[in-house]
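Dumped my_file.txt below, it's compact mmCIF, C-alpha atoms:
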```
# COMPACT_ATOMS: atom_id res chain seq x y z
CA THR A 1 205.67 67.45 90.09
CA ALA A 2 208.86 68.26 92.04
CA GLY A 3 212.09 66.26 92.09
CA GLY A 4 210.49 63.54 90.00
CA LYS A 5 207.73 63.04 92.57
CA LYS A 6 204.07 63.77 92.11
CA ARG A 7 201.67 65.03 94.73
CA ASP A 8 198.21 66.56 94.78
CA GLY A 9 197.80 70.30 95.15
CA TYR A 10 194.68 72.27 95.97
CA LEU A 11 193.33 75.78 95.55
CA ILE A 12 191.07 77.16 98.26
CA LEU A 13 187.37 77.93 97.91
CA SER A 14 187.62 80.37 100.81
CA PRO A 15 189.97 81.15 103.73
CA GLU A 16 187.06 80.61 106.15
CA TYR A 17 188.06 77.31 107.76
CA SER A 18 191.68 78.40 108.21
CA ILE A 19 190.68 81.66 109.87
CA LYS A 20 188.24 79.91 112.20
CA LYS A 21 191.01 77.60 113.35
CA LEU A 22 193.02 80.72 114.21
CA LEU A 23 190.04 82.20 116.04
CA ALA A 24 189.79 79.04 118.14
CA ALA A 25 193.49 79.45 118.91
CA GLY A 26 192.86 82.99 120.21
CA ILE A 27 193.92 85.29 117.35
CA GLY A 28 191.02 87.70 118.03
CA ASN A 29 189.65 90.20 115.50
CA CYS A 30 191.26 89.57 112.12
CA PHE A 31 190.96 89.83 108.34
CA GLU A 32 192.44 88.27 105.22
CA ILE A 33 192.50 89.22 101.54
CA THR A 34 193.32 86.27 99.29
CA LYS A 35 192.73 84.62 95.93
CA CYS A 36 190.03 81.94 95.77
CA PHE A 37 189.12 79.50 93.03
CA ARG A 38 185.83 77.70 92.36
CA ASN A 39 185.78 75.49 89.31
CA GLU A 40 181.98 75.25 89.43
CA GLU A 41 181.59 79.03 89.20
CA GLU A 42 180.00 80.27 86.01
CA VAL A 43 181.70 82.86 83.82
CA SER A 44 179.50 85.95 83.45
CA SER A 45 179.51 89.69 83.92
CA ALA A 46 179.60 89.16 87.71
CA HIS A 47 181.42 85.81 88.04
CA ASN A 48 184.92 84.47 87.41
CA PRO A 49 186.29 81.11 88.64
CA GLU A 50 189.30 82.87 90.20
CA PHE A 51 188.54 85.92 92.30
CA THR A 52 189.76 87.97 95.27
CA MET A 53 188.07 87.50 98.63
CA LEU A 54 188.10 89.75 101.69
CA GLU A 55 187.05 88.14 104.95
CA TRP A 56 186.98 89.74 108.37
CA TYR A 57 185.86 88.46 111.77
CA ARG A 58 184.78 90.21 114.96
CA VAL A 59 184.99 88.41 118.31
CA ASN A 60 182.11 89.00 120.73
CA ALA A 61 179.92 90.33 117.92
CA ASP A 62 176.97 89.10 115.88
CA TYR A 63 175.83 89.49 112.29
CA LYS A 64 174.05 92.78 113.00
CA LYS A 65 177.35 94.39 113.99
CA ILE A 66 178.89 93.34 110.67
CA MET A 67 176.04 95.09 108.86
CA GLU A 68 177.28 98.36 110.34
CA ASP A 69 180.88 97.48 109.41
CA PHE A 70 179.93 96.84 105.80
CA GLU A 71 177.89 100.02 105.45
CA ARG A 72 180.82 102.11 106.68
CA LEU A 73 183.34 100.27 104.51
CA PHE A 74 181.30 100.60 101.33
CA VAL A 75 180.49 104.28 101.81
CA GLU A 76 184.19 104.96 102.47
CA ILE A 77 185.19 103.13 99.26
CA ALA A 78 182.58 105.02 97.25
CA ASN A 79 183.71 108.36 98.67
CA LYS A 80 187.42 107.71 98.15
CA SER A 81 186.84 106.60 94.56
CA ASN A 82 184.78 109.73 93.81
CA ARG A 83 181.74 107.62 92.96
CA THR A 84 179.41 109.61 95.22
CA ASN A 85 177.55 112.91 95.14
CA GLY A 86 176.51 113.47 98.73
CA THR A 87 175.01 110.15 99.74
CA TYR A 88 174.30 109.04 96.15
CA MET A 89 176.55 106.80 94.07
CA THR A 90 176.31 106.65 90.28
CA TYR A 91 176.94 103.29 88.64
CA LEU A 92 176.41 102.70 84.90
CA GLY A 93 174.31 105.84 84.69
CA GLN A 94 172.00 105.00 87.61
CA ASP A 95 171.98 106.76 90.99
CA TYR A 96 171.92 104.67 94.19
CA ASP A 97 171.11 106.07 97.61
CA LEU A 98 173.73 104.92 100.16
CA THR A 99 172.26 106.75 103.15
CA PRO A 100 172.60 104.49 106.21
CA PRO A 101 171.00 102.55 107.70
CA TRP A 102 170.39 100.47 104.59
CA PRO A 103 167.08 98.65 104.14
CA ARG A 104 166.83 95.25 105.81
CA ILE A 105 164.38 92.51 104.84
CA SER A 106 164.18 88.98 106.19
CA PHE A 107 164.50 86.01 103.85
CA GLU A 108 160.97 84.96 104.78
CA GLU A 109 159.59 88.45 104.02
CA ALA A 110 161.49 88.62 100.71
CA PHE A 111 160.09 85.26 99.63
CA ALA A 112 156.54 86.36 100.40
CA LYS A 113 156.91 89.86 98.90
CA TYR A 114 158.83 89.07 95.71
CA ALA A 115 158.08 85.39 95.00
CA GLY A 116 154.60 85.17 96.51
CA LYS A 117 155.55 82.02 98.40
CA LYS A 118 155.64 80.87 102.01
CA ILE A 119 158.94 79.24 102.85
CA GLU A 120 157.26 76.33 104.65
CA ASN A 121 155.81 75.33 101.27
CA VAL A 122 159.20 75.24 99.54
CA SER A 123 161.62 72.28 99.58
CA ASP A 124 165.27 72.76 100.55
CA GLU A 125 166.33 71.94 96.98
CA ASP A 126 164.09 74.66 95.51
CA PHE A 127 165.07 77.56 97.83
CA TYR A 128 168.09 78.73 95.85
CA GLN A 129 166.48 78.61 92.43
CA ILE A 130 163.41 80.52 93.58
CA PHE A 131 165.57 83.12 95.31
CA PHE A 132 167.82 83.46 92.26
CA ASN A 133 165.03 83.57 89.67
CA GLU A 134 162.27 85.44 91.50
CA VAL A 135 163.70 87.38 94.46
CA GLU A 136 167.09 88.64 93.25
CA PRO A 137 165.66 90.22 90.04
CA LYS A 138 163.32 92.34 92.19
CA LEU A 139 166.25 93.43 94.37
CA ARG A 140 168.10 94.56 91.24
CA THR A 141 165.46 97.16 90.48
CA SER A 142 165.97 98.95 93.81
CA ARG A 143 168.01 102.15 93.96
CA ARG A 144 169.01 101.29 97.52
CA PRO A 145 171.33 98.60 98.88
CA ALA A 146 169.51 95.81 100.72
CA PHE A 147 170.43 93.35 103.45
CA VAL A 148 168.51 90.06 103.22
CA TYR A 149 168.82 88.35 106.60
CA ASP A 150 167.79 85.26 108.59
CA TYR A 151 168.15 82.51 105.98
CA PRO A 152 166.66 79.04 106.56
CA VAL A 153 169.15 76.79 108.34
CA SER A 154 169.33 74.59 105.23
CA GLN A 155 170.79 77.61 103.37
CA ALA A 156 173.33 78.51 106.07
CA ALA A 157 175.55 75.53 106.83
CA LEU A 158 178.09 77.46 108.90
CA ALA A 159 175.82 79.96 110.66
CA ARG A 160 174.37 79.93 114.17
CA ARG A 161 170.67 79.18 114.61
CA LYS A 162 168.44 81.98 115.84
CA GLU A 163 167.46 81.35 119.44
CA SER A 164 164.09 83.04 118.90
CA ASP A 165 163.24 80.91 115.84
CA PRO A 166 165.45 77.85 115.19
CA ARG A 167 164.06 77.45 111.67
CA PHE A 168 166.41 80.25 110.69
CA ALA A 169 170.11 81.01 110.97
CA GLU A 170 171.86 84.33 111.61
CA ARG A 171 173.05 84.87 108.06
CA TRP A 172 172.68 87.80 105.67
CA GLU A 173 173.68 88.78 102.16
CA VAL A 174 173.88 92.33 100.85
CA PHE A 175 172.83 93.38 97.33
CA LEU A 176 173.35 96.54 95.30
CA ALA A 177 172.99 97.31 91.59
CA GLY A 178 172.23 93.69 90.81
CA LEU A 179 175.35 92.41 92.60
CA GLU A 180 175.62 90.27 95.71
CA LEU A 181 178.52 91.93 97.56
CA GLY A 182 178.88 90.10 100.87
CA ASN A 183 177.81 87.01 102.82
CA CYS A 184 177.84 87.18 106.63
CA PHE A 185 177.21 84.82 109.55
CA SER A 186 177.03 84.79 113.27
CA GLU A 187 179.38 81.83 113.38
CA LEU A 188 178.28 78.36 114.45
CA THR A 189 180.55 77.28 117.32
CA ASP A 190 178.81 73.99 118.25
CA SER A 191 181.12 71.22 116.97
CA VAL A 192 178.45 68.49 117.09
CA GLU A 193 175.93 70.46 115.05
CA GLN A 194 178.67 71.57 112.64
CA ARG A 195 179.74 67.95 112.02
CA ASN A 196 176.13 66.95 111.36
CA ARG A 197 175.70 69.78 108.87
CA CYS A 198 178.98 68.93 107.11
CA GLU A 199 177.99 65.29 106.76
CA LYS A 200 174.56 66.27 105.43
CA ASP A 201 176.22 68.54 102.85
CA ILE A 202 178.60 65.76 101.78
CA ALA A 203 175.68 63.36 101.30
CA LEU A 204 173.82 65.95 99.23
CA ARG A 205 176.85 66.59 97.01
CA GLN A 206 177.26 62.86 96.48
CA ALA A 207 173.60 62.50 95.54
CA GLN A 208 174.06 65.32 93.00
CA GLY A 209 177.10 63.62 91.48
CA LYS A 210 179.51 66.33 92.66
CA ALA A 211 183.01 65.80 94.04
CA ARG A 212 182.86 64.26 97.52
CA ASN A 213 185.12 65.91 100.07
CA GLY A 214 185.52 64.61 103.61
CA VAL A 215 184.85 66.44 106.86
CA ASP A 216 187.69 68.79 107.84
CA GLU A 217 188.55 67.10 111.13
CA ASP A 218 190.99 69.89 112.11
CA PHE A 219 188.13 72.38 111.80
CA ILE A 220 185.83 70.25 113.96
CA ALA A 221 188.63 69.82 116.52
CA ALA A 222 189.13 73.60 116.60
CA LEU A 223 185.45 74.09 117.41
CA GLU A 224 185.67 71.40 120.09
CA SER A 225 188.57 73.26 121.70
CA GLY A 226 186.38 76.34 122.01
CA MET A 227 185.83 79.15 119.51
CA PRO A 228 184.57 82.47 120.91
CA GLU A 229 181.26 83.95 119.83
CA THR A 230 182.19 85.54 116.51
CA ALA A 231 180.65 87.06 113.41
CA GLY A 232 182.37 87.05 110.03
CA ILE A 233 181.84 88.12 106.44
CA ALA A 234 183.13 87.20 102.98
CA VAL A 235 183.24 90.03 100.43
CA GLY A 236 183.98 89.81 96.71
CA VAL A 237 186.70 92.43 96.20
CA ASP A 238 186.43 92.37 92.40
CA ARG A 239 182.76 93.36 92.63
CA LEU A 240 183.62 96.25 94.93
CA VAL A 241 186.14 97.35 92.29
CA MET A 242 183.43 97.08 89.61
CA LEU A 243 181.27 99.57 91.49
CA ALA A 244 184.16 101.85 92.43
CA ALA A 245 185.47 101.95 88.85
CA ASP A 246 182.05 102.10 87.14
CA ALA A 247 182.99 98.89 85.28
CA PRO A 248 180.14 96.94 83.62
CA THR A 249 181.74 93.48 83.95
CA ILE A 250 184.02 91.72 86.39
CA SER A 251 186.43 90.91 83.56
CA ASP A 252 187.26 94.64 83.38
CA THR A 253 188.72 94.39 86.90
CA LEU A 254 190.89 91.29 86.28
CA ILE A 255 194.31 90.85 84.68
CA PHE A 256 193.49 87.34 83.42
CA PRO A 257 189.71 86.94 83.05
CA ALA A 258 188.71 83.33 82.43
CA GLY A 259 186.49 84.25 79.49
CA GLU A 260 189.50 85.58 77.58
CA MET A 261 192.01 82.92 78.69
CA PHE A 262 189.91 79.83 78.01
CA ASP A 263 187.31 78.69 75.51
CA ILE A 264 184.36 79.06 77.91
```
Would you put the structure from the file into structure tokens?
Amino acid sequence: TAGGKKRDGYLILSPEYSIKKLLAAGIGNCFEITKCFRNEEEVSSAHNPEFTMLEWYRVNADYKKIMEDFERLFVEIANKSNRTNGTYMTYLGQDYDLTPPWPRISFEEAFAKYAGKKIENVSDEDFYQIFFNEVEPKLRTSRRPAFVYDYPVSQAALARRKESDPRFAERWEVFLAGLELGNCFSELTDSVEQRNRCEKDIALRQAQGKARNGVDEDFIAALESGMPETAGIAVGVDRLVMLAADAPTISDTLIFPAGEMFDI
């Protein structure tokens, strides 16, 4: 309320749409560090509804290039925070080998190896739960970071399809010490396909009884105007701080952790 008038205000889930509009306008390589808020986010040792996000974007690059970026960034953070001994980082008493290049495994391979399932036999609705319950726990036991890449298109609403296999999209996530640290795409620049995916997501949210948000028409218009081939990544800064500070929970990195502020 201001001056006796009321109006709605919103907190962002991510700076992604805003940055992509700037990319379409010609800003070029860029990054942003900002606060994000997700009221559906659980409160746990690795989650807080309000968190700090780092996103960066490379023009004329794909998701494989961002893998190299992230490896270099993480090793630099670990070295500067004195968390490493040679190429090994110690976190909560365990040593992790950061020697690049880090292991890479496709989503399809991870499903077969860790869940014993073929992805063609799994419904779109079941992908996440199987990955969360059966694949991620196996990744947590590794003493190496791991990139899981080429997610099914249904699990990558903003990522470009692979030309060699359109069942999959050029998306990866990176995991270390039981934490998902980053989520990367080769960006989808086709405005027609992006609108179709947005509308499908809206219909799914409505069917699940979740808040229904409309299509961001400014975002679609930006894609229609022409966005260059780009790859981008979203990184949870608070989780990077956890690893750099040898902190067991994300609340140790926050000034106002939700678990202490609210009855959650």
Polymer residues at most 8 Å from Gly236 in chain A, all atoms listed in the file, same-chain spacing of 2 or more positions, as a VMD selection string: chain A and resid 51 to 54 181 to 182 234 238 to 240
Closest of A:Cys36, A:Leu254, A:Ala177, A:Ala24 to Gln94 in chain A - atom-to-atom distances counting all atoms listed in the file: A:Ala177
Contacts of Gln155 in chain A within 10 Å, only C-alpha atoms, excl. fewer than 5 positions in-chain, as a PyMOL selection string: chain A and resi 124-125+127-128+150+168-169+171
Option closest in space to Glu224 in chain A, from A:Thr189, A:Leu179, A:Ala247, A:Arg197 [counting all atoms listed in the file]: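 Among A:Thr189, A:Leu179, A:Ala247, A:Arg197, it is A:Thr189 that comes nearest to Glu224 in chain A.
Note that CA of Tyr96 in chain A and CA of Ile255 in chain A are 28.0 Å apart.
With all atoms listed in the file as the atoms that count, the residue of A:Tyr91, A:Phe219, A:Phe74, A:Tyr151 with the shortest distance to Ser186 in chain A is A:Tyr151.
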Å distance separating CA of Ala222 in chain A from CA of Tyr63 in chain A, one decimal place: 21.2 Å
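Neighbours of Cys30 in chain A closer than or equal to 8 Å, with only C-alpha atoms counted and sequence neighbours fewer than 6 positions away skipped, come out as Trp56, Tyr57 and Arg58 of chain A.
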Atomic separation - CA of Phe107 in chain A relative to CA of Ala156 in chain A, Å: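 Computing the Euclidean distance for CA of Ala156 in chain A and CA of Phe107 in chain A yields 11.8 Å.
For the residues A:Asp95, A:Gln208, A:Phe70, A:Val153, ranking by smallest atom-to-atom distance to Thr141 in chain A using only C-alpha atoms places A:Asp95 first.
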From A:Lys21, A:Glu55, A:Val192, A:Ile105, residue lying nearest Ile33 in chain A [all atoms listed in the file]: A:Glu55
Point (173.4, 78.5, 115.9), cut-off 10 Å, counting only C-alpha atoms, residues as a list in words: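 Using only C-alpha atoms, the matching residues come out as Val153, Ala156, Ala157, Leu158, Ala159, Arg160, Arg161, Lys162, Glu163, Pro166, Phe168, Ala169, Glu170, Phe185, Ser186, Glu187, Leu188, Thr189, Asp190, Glu193 and Gln194 of chain A.
With all atoms listed in the file as the atoms that count, the residue of A:Gly178, A:Gly116, A:Pro101, A:Gly214 with the shortest distance to Thr249 in chain A is A:Gly178.
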Contacts of Val241 in chain A within 10 Å, only C-alpha atoms, excl. fewer than 3 positions in-chain, as an MDAnalysis selection string: chainID A and resid 77:78 81 236:238 244:247 250 252:254
